[in-house]
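Student: Here it is, the structure in full.
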Amino acid sequence: MRDFIISYIHDDEGILGDIYSEAIKTGVPVIRPEMKDLLRTLIVMNRPEKILEIGTAVGYSSLFIADILKSGFSIDTFELDPDRIRIAKGNISKMGYENEIHIHEGDAAALLKDMDRKYDFVFIDAAKAQYMIYLEEVMRLTHPGSVIVTDNIFTDGEILESHFLVEKRYRTIHDRMREYIYKIKNDDRLETAVLSVADGAAVSVVK
C-alpha cells in the first residue's frame, strides 16, 4: 500500500529536490514522501501567513512550505545543531527566502517562552521526547482555527509496543510520545486526528 501511494507522489524539482536528495544521502532526517503530500494539502487548504516550525534541520520543510506559498508569509523555525543551522542558512539563501524564513538558534523549549506572536500553522518535527514541552508553548502561540501538525508520532512503530519490550534507551521517548498522543486526543482545546501517514502524523485544530 505504501509503495502504491508513493508511486503517485511527484518528486521535488530544482534546488528543493537537490536539498532533499542531499539530506537523504547524508542521513539528515527530513519528512517522508507521504508526509510531504499531507503537508502540501494542508498548506494549500489553509494558506497560512504566520508559520511556526520546531525542528529546522537543513531547512527542507520550511523551504517546502515556502515553495508552495511563494509570498505573503513568514516562518519562524528553531534548530539547536550549529552544523545544520549553517547548512539551512545556505539552503534558504539558495532559494531566496532569507526575508521570509527566520532561524532561531538554540533550544526550542527555552526559546519559545520568549515568543509572543500568534501563528496560523505549526509544524512540530524535532526531539520527540520534548513534544509535550513544545505543546504548551504552542498552545499559547496559536489562536482558534490554527492548525498544528506533529510528525513521527509512531516512532518507527515502537509506540505500539509495551514499555518493557522497547529497548531501554528508547523507553523515555516511547512513554512521552504515548503521553503526547493521549494529550492531543483528550485536550478540550484541540480537535485532533491521528493518521497512519509515513511514521505517524497528528493534525490538530485549535478550537
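Letters for chains follow the order of the C-alpha cells (A, B, ...), residue numbers begin at 1 for each chain, and ligand numbers begin at 1 in the order shown.
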May I have the residues within 12 Å of Asp116 of chain A as a count of residues only, using only C-alpha atoms and disregarding those fewer than 3 positions away in the same chain?
Tutor: 13
Student: Where does segment 57-152 of chain A meet segment 183-204 of chain A within 9 Å, residue by residue, with the nearest atom pair and distance in Å to one decimal for each, counting only C-alpha atoms, listed by chain and rising number, as JSON lines?
Tutor:
```
{"residue": "A:Met132", "atom": "CA", "partner": "A:Lys183", "partner_atom": "CA", "distance": 8.3}
{"residue": "A:Leu135", "atom": "CA", "partner": "A:Ile184", "partner_atom": "CA", "distance": 8.8}
{"residue": "A:Met139", "atom": "CA", "partner": "A:Arg189", "partner_atom": "CA", "distance": 8.5}
{"residue": "A:Pro144", "atom": "CA", "partner": "A:Arg189", "partner_atom": "CA", "distance": 8.9}
{"residue": "A:Ser146", "atom": "CA", "partner": "A:Ser204", "partner_atom": "CA", "distance": 8.3}
{"residue": "A:Val147", "atom": "CA", "partner": "A:Ser204", "partner_atom": "CA", "distance": 5.7}
{"residue": "A:Ile148", "atom": "CA", "partner": "A:Ser204", "partner_atom": "CA", "distance": 5.0}
{"residue": "A:Val149", "atom": "CA", "partner": "A:Val203", "partner_atom": "CA", "distance": 4.7}
{"residue": "A:Thr150", "atom": "CA", "partner": "A:Ala202", "partner_atom": "CA", "distance": 5.1}
{"residue": "A:Asp151", "atom": "CA", "partner": "A:Ala201", "partner_atom": "CA", "distance": 4.7}
{"residue": "A:Asn152", "atom": "CA", "partner": "A:Asp199", "partner_atom": "CA", "distance": 4.7}
```
Student: Which residues, written as a PyMOL selection string, have at least one atom at most 10 Å from Ala126 of chain A, with only C-alpha atoms counted and residues fewer than 6 positions away on the same chain left out?
Tutor: chain A and resi 29+53-57+78-80+108+134+150-152
Student: Since we have the selection now, will you write its residues out, keeping all heavy atoms, as an mmCIF file, in the first residue's frame?
Tutor:
```
data_model
loop_
_atom_site.group_PDB
_atom_site.id
_atom_site.type_symbol
_atom_site.label_atom_id
_atom_site.label_comp_id
_atom_site.auth_asym_id
_atom_site.auth_seq_id
_atom_site.Cartn_x
_atom_site.Cartn_y
_atom_site.Cartn_z
ATOM 1 N N PRO A 29 17.475 13.783 8.950
ATOM 2 C CA PRO A 29 16.047 13.456 8.948
ATOM 3 C C PRO A 29 15.219 14.538 8.255
ATOM 4 O O PRO A 29 15.251 15.706 8.632
ATOM 5 C CB PRO A 29 15.695 13.366 10.438
ATOM 6 C CG PRO A 29 16.747 14.178 11.134
ATOM 7 C CD PRO A 29 17.988 14.035 10.308
ATOM 8 N N GLU A 53 7.734 26.524 12.929
ATOM 9 C CA GLU A 53 8.279 25.180 12.752
ATOM 10 C C GLU A 53 9.262 24.894 13.875
ATOM 11 O O GLU A 53 10.145 25.710 14.153
ATOM 12 C CB GLU A 53 9.002 25.055 11.409
ATOM 13 C CG GLU A 53 9.636 23.686 11.209
ATOM 14 C CD GLU A 53 10.538 23.628 9.990
ATOM 15 O OE1 GLU A 53 11.346 24.560 9.777
ATOM 16 O OE2 GLU A 53 10.443 22.636 9.247
ATOM 17 N N ILE A 54 9.101 23.752 14.506
ATOM 18 C CA ILE A 54 10.037 23.335 15.543
ATOM 19 C C ILE A 54 10.840 22.169 14.982
ATOM 20 O O ILE A 54 10.323 21.059 14.825
ATOM 21 C CB ILE A 54 9.292 22.937 16.830
ATOM 22 C CG1 ILE A 54 8.419 24.097 17.309
ATOM 23 C CG2 ILE A 54 10.293 22.548 17.916
ATOM 24 C CD1 ILE A 54 7.541 23.754 18.498
ATOM 25 N N GLY A 55 12.098 22.433 14.641
ATOM 26 C CA GLY A 55 12.961 21.442 14.028
ATOM 27 C C GLY A 55 13.313 21.817 12.602
ATOM 28 O O GLY A 55 12.724 21.320 11.648
ATOM 29 N N THR A 56 14.305 22.690 12.439
ATOM 30 C CA THR A 56 14.692 23.168 11.108
ATOM 31 C C THR A 56 15.448 22.118 10.313
ATOM 32 O O THR A 56 15.241 21.970 9.107
ATOM 33 C CB THR A 56 15.609 24.409 11.230
ATOM 34 O OG1 THR A 56 15.033 25.351 12.132
ATOM 35 C CG2 THR A 56 15.847 25.047 9.880
ATOM 36 N N ALA A 57 16.353 21.400 11.004
ATOM 37 C CA ALA A 57 17.323 20.509 10.341
ATOM 38 C C ALA A 57 18.064 21.326 9.279
ATOM 39 O O ALA A 57 18.636 22.369 9.597
ATOM 40 C CB ALA A 57 16.666 19.259 9.778
ATOM 41 N N PHE A 78 13.078 26.715 14.442
ATOM 42 C CA PHE A 78 14.018 26.560 15.552
ATOM 43 C C PHE A 78 14.931 25.362 15.336
ATOM 44 O O PHE A 78 14.471 24.276 14.985
ATOM 45 C CB PHE A 78 13.246 26.370 16.870
ATOM 46 C CG PHE A 78 12.482 27.586 17.300
ATOM 47 C CD1 PHE A 78 11.283 27.923 16.691
ATOM 48 C CD2 PHE A 78 12.966 28.408 18.298
ATOM 49 C CE1 PHE A 78 10.574 29.046 17.080
ATOM 50 C CE2 PHE A 78 12.279 29.536 18.699
ATOM 51 C CZ PHE A 78 11.076 29.861 18.084
ATOM 52 N N GLU A 79 16.226 25.576 15.587
ATOM 53 C CA GLU A 79 17.197 24.490 15.428
ATOM 54 C C GLU A 79 18.333 24.664 16.437
ATOM 55 O O GLU A 79 18.803 25.775 16.670
ATOM 56 C CB GLU A 79 17.759 24.460 14.012
ATOM 57 C CG GLU A 79 18.790 23.382 13.745
ATOM 58 C CD GLU A 79 18.281 21.982 14.035
ATOM 59 O OE1 GLU A 79 17.171 21.639 13.582
ATOM 60 O OE2 GLU A 79 18.993 21.240 14.739
ATOM 61 N N LEU A 80 18.787 23.540 16.995
ATOM 62 C CA LEU A 80 19.836 23.548 18.012
ATOM 63 C C LEU A 80 21.216 23.242 17.438
ATOM 64 O O LEU A 80 22.222 23.770 17.908
ATOM 65 C CB LEU A 80 19.483 22.518 19.101
ATOM 66 C CG LEU A 80 20.415 22.367 20.295
ATOM 67 C CD1 LEU A 80 20.519 23.676 21.073
ATOM 68 C CD2 LEU A 80 19.914 21.246 21.210
ATOM 69 N N ALA A 108 14.596 24.977 21.357
ATOM 70 C CA ALA A 108 13.242 25.485 21.131
ATOM 71 C C ALA A 108 12.429 25.540 22.418
ATOM 72 O O ALA A 108 11.649 26.479 22.626
ATOM 73 C CB ALA A 108 12.529 24.621 20.095
ATOM 74 N N TYR A 134 6.902 21.288 24.090
ATOM 75 C CA TYR A 134 6.575 22.194 22.989
ATOM 76 C C TYR A 134 5.086 22.524 22.965
ATOM 77 O O TYR A 134 4.701 23.656 22.669
ATOM 78 C CB TYR A 134 6.948 21.567 21.639
ATOM 79 C CG TYR A 134 8.385 21.178 21.463
ATOM 80 C CD1 TYR A 134 8.737 20.063 20.692
ATOM 81 C CD2 TYR A 134 9.418 21.911 22.036
ATOM 82 C CE1 TYR A 134 10.058 19.694 20.509
ATOM 83 C CE2 TYR A 134 10.752 21.537 21.857
ATOM 84 C CZ TYR A 134 11.059 20.427 21.085
ATOM 85 O OH TYR A 134 12.357 20.061 20.902
ATOM 86 N N THR A 150 1.920 17.388 13.806
ATOM 87 C CA THR A 150 3.024 16.740 14.505
ATOM 88 C C THR A 150 3.471 15.516 13.711
ATOM 89 O O THR A 150 2.649 14.666 13.367
ATOM 90 C CB THR A 150 2.605 16.289 15.917
ATOM 91 O OG1 THR A 150 1.892 17.338 16.571
ATOM 92 C CG2 THR A 150 3.825 15.923 16.737
ATOM 93 N N ASP A 151 4.766 15.430 13.432
ATOM 94 C CA ASP A 151 5.301 14.328 12.636
ATOM 95 C C ASP A 151 5.971 13.285 13.529
ATOM 96 O O ASP A 151 6.348 13.571 14.672
ATOM 97 C CB ASP A 151 6.308 14.876 11.621
ATOM 98 C CG ASP A 151 6.592 13.902 10.484
ATOM 99 O OD1 ASP A 151 5.853 12.902 10.353
ATOM 100 O OD2 ASP A 151 7.536 14.147 9.722
ATOM 101 N N ASN A 152 6.101 12.070 12.991
ATOM 102 C CA ASN A 152 6.847 10.974 13.631
ATOM 103 C C ASN A 152 6.291 10.541 14.978
ATOM 104 O O ASN A 152 7.045 10.183 15.882
ATOM 105 C CB ASN A 152 8.324 11.352 13.795
ATOM 106 C CG ASN A 152 8.996 11.679 12.482
ATOM 107 O OD1 ASN A 152 9.505 12.781 12.299
ATOM 108 N ND2 ASN A 152 8.990 10.756 11.543
#
```
Student: Write out as JSON, numbers by chain each polymer residue whose atoms come within 8 Å of Gly59 of chain A, counting only C-alpha atoms; drop sequence neighbours fewer than 2 positions from it.
Tutor: {"A": [56, 57, 61, 62, 63, 87, 88, 89, 91, 92]}
Student: Running DSSP on the backbone, which parts of segment 41-177 of chain A land in helix (DSSP H, G or I), as JSON, numbers by chain?
Tutor: {"A": [41, 42, 43, 44, 45, 46, 60, 61, 62, 63, 64, 65, 66, 67, 68, 69, 82, 83, 84, 85, 86, 87, 88, 89, 90, 91, 92, 93, 94, 95, 108, 109, 110, 111, 112, 113, 114, 128, 129, 130, 131, 132, 133, 134, 135, 136, 137, 138, 139, 140, 155, 156, 157, 158, 159, 160, 163, 164, 165, 168, 169, 170, 171, 172, 173, 174, 175, 176, 177]}
Student: To one decimal place in Å, what is the distance between atom CA of Gly106 of chain A and atom CA of Ile85 of chain A?
Tutor: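 Atom CA of Gly106 of chain A sits 9.7 Å away from atom CA of Ile85 of chain A.
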Student: Just give me the gap between atom CA of Ala109 of chain A and atom CA of Tyr182 of chain A in Å, one decimal is fine.
Tutor: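 Atom CA of Tyr182 of chain A lies 20.3 Å from atom CA of Ala109 of chain A.
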Student: As an exercise, work out the distance from atom CA of Lys118 of chain A to atom CA of Asn46 of chain A in Å and give it to one decimal place.
Tutor: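 Answer for the atom CA of Lys118 of chain A to atom CA of Asn46 of chain A separation: 15.2 Å.
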Student: Which one is closest to His102 of chain A: A:Tyr131, A:Phe73, A:Phe64, A:Phe121? Count only C-alpha atoms.
Tutor: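 With only C-alpha atoms as the atom set, the closest residue is A:Phe73.
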Student: Just checking: using only C-alpha atoms, which residue out of A:Ser21, A:Lys128, A:Thr41, A:Glu34 ends up closest to Phe4 of chain A?
Tutor: A:Glu34
Student: Taking only C-alpha atoms into account, which of A:Ile51, A:Val30, A:Asp83, A:Gly72 comes nearest Asp125 of chain A?
Tutor: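 Among the listed residues, the smallest separation from Asp125 of chain A belongs to A:Val30.
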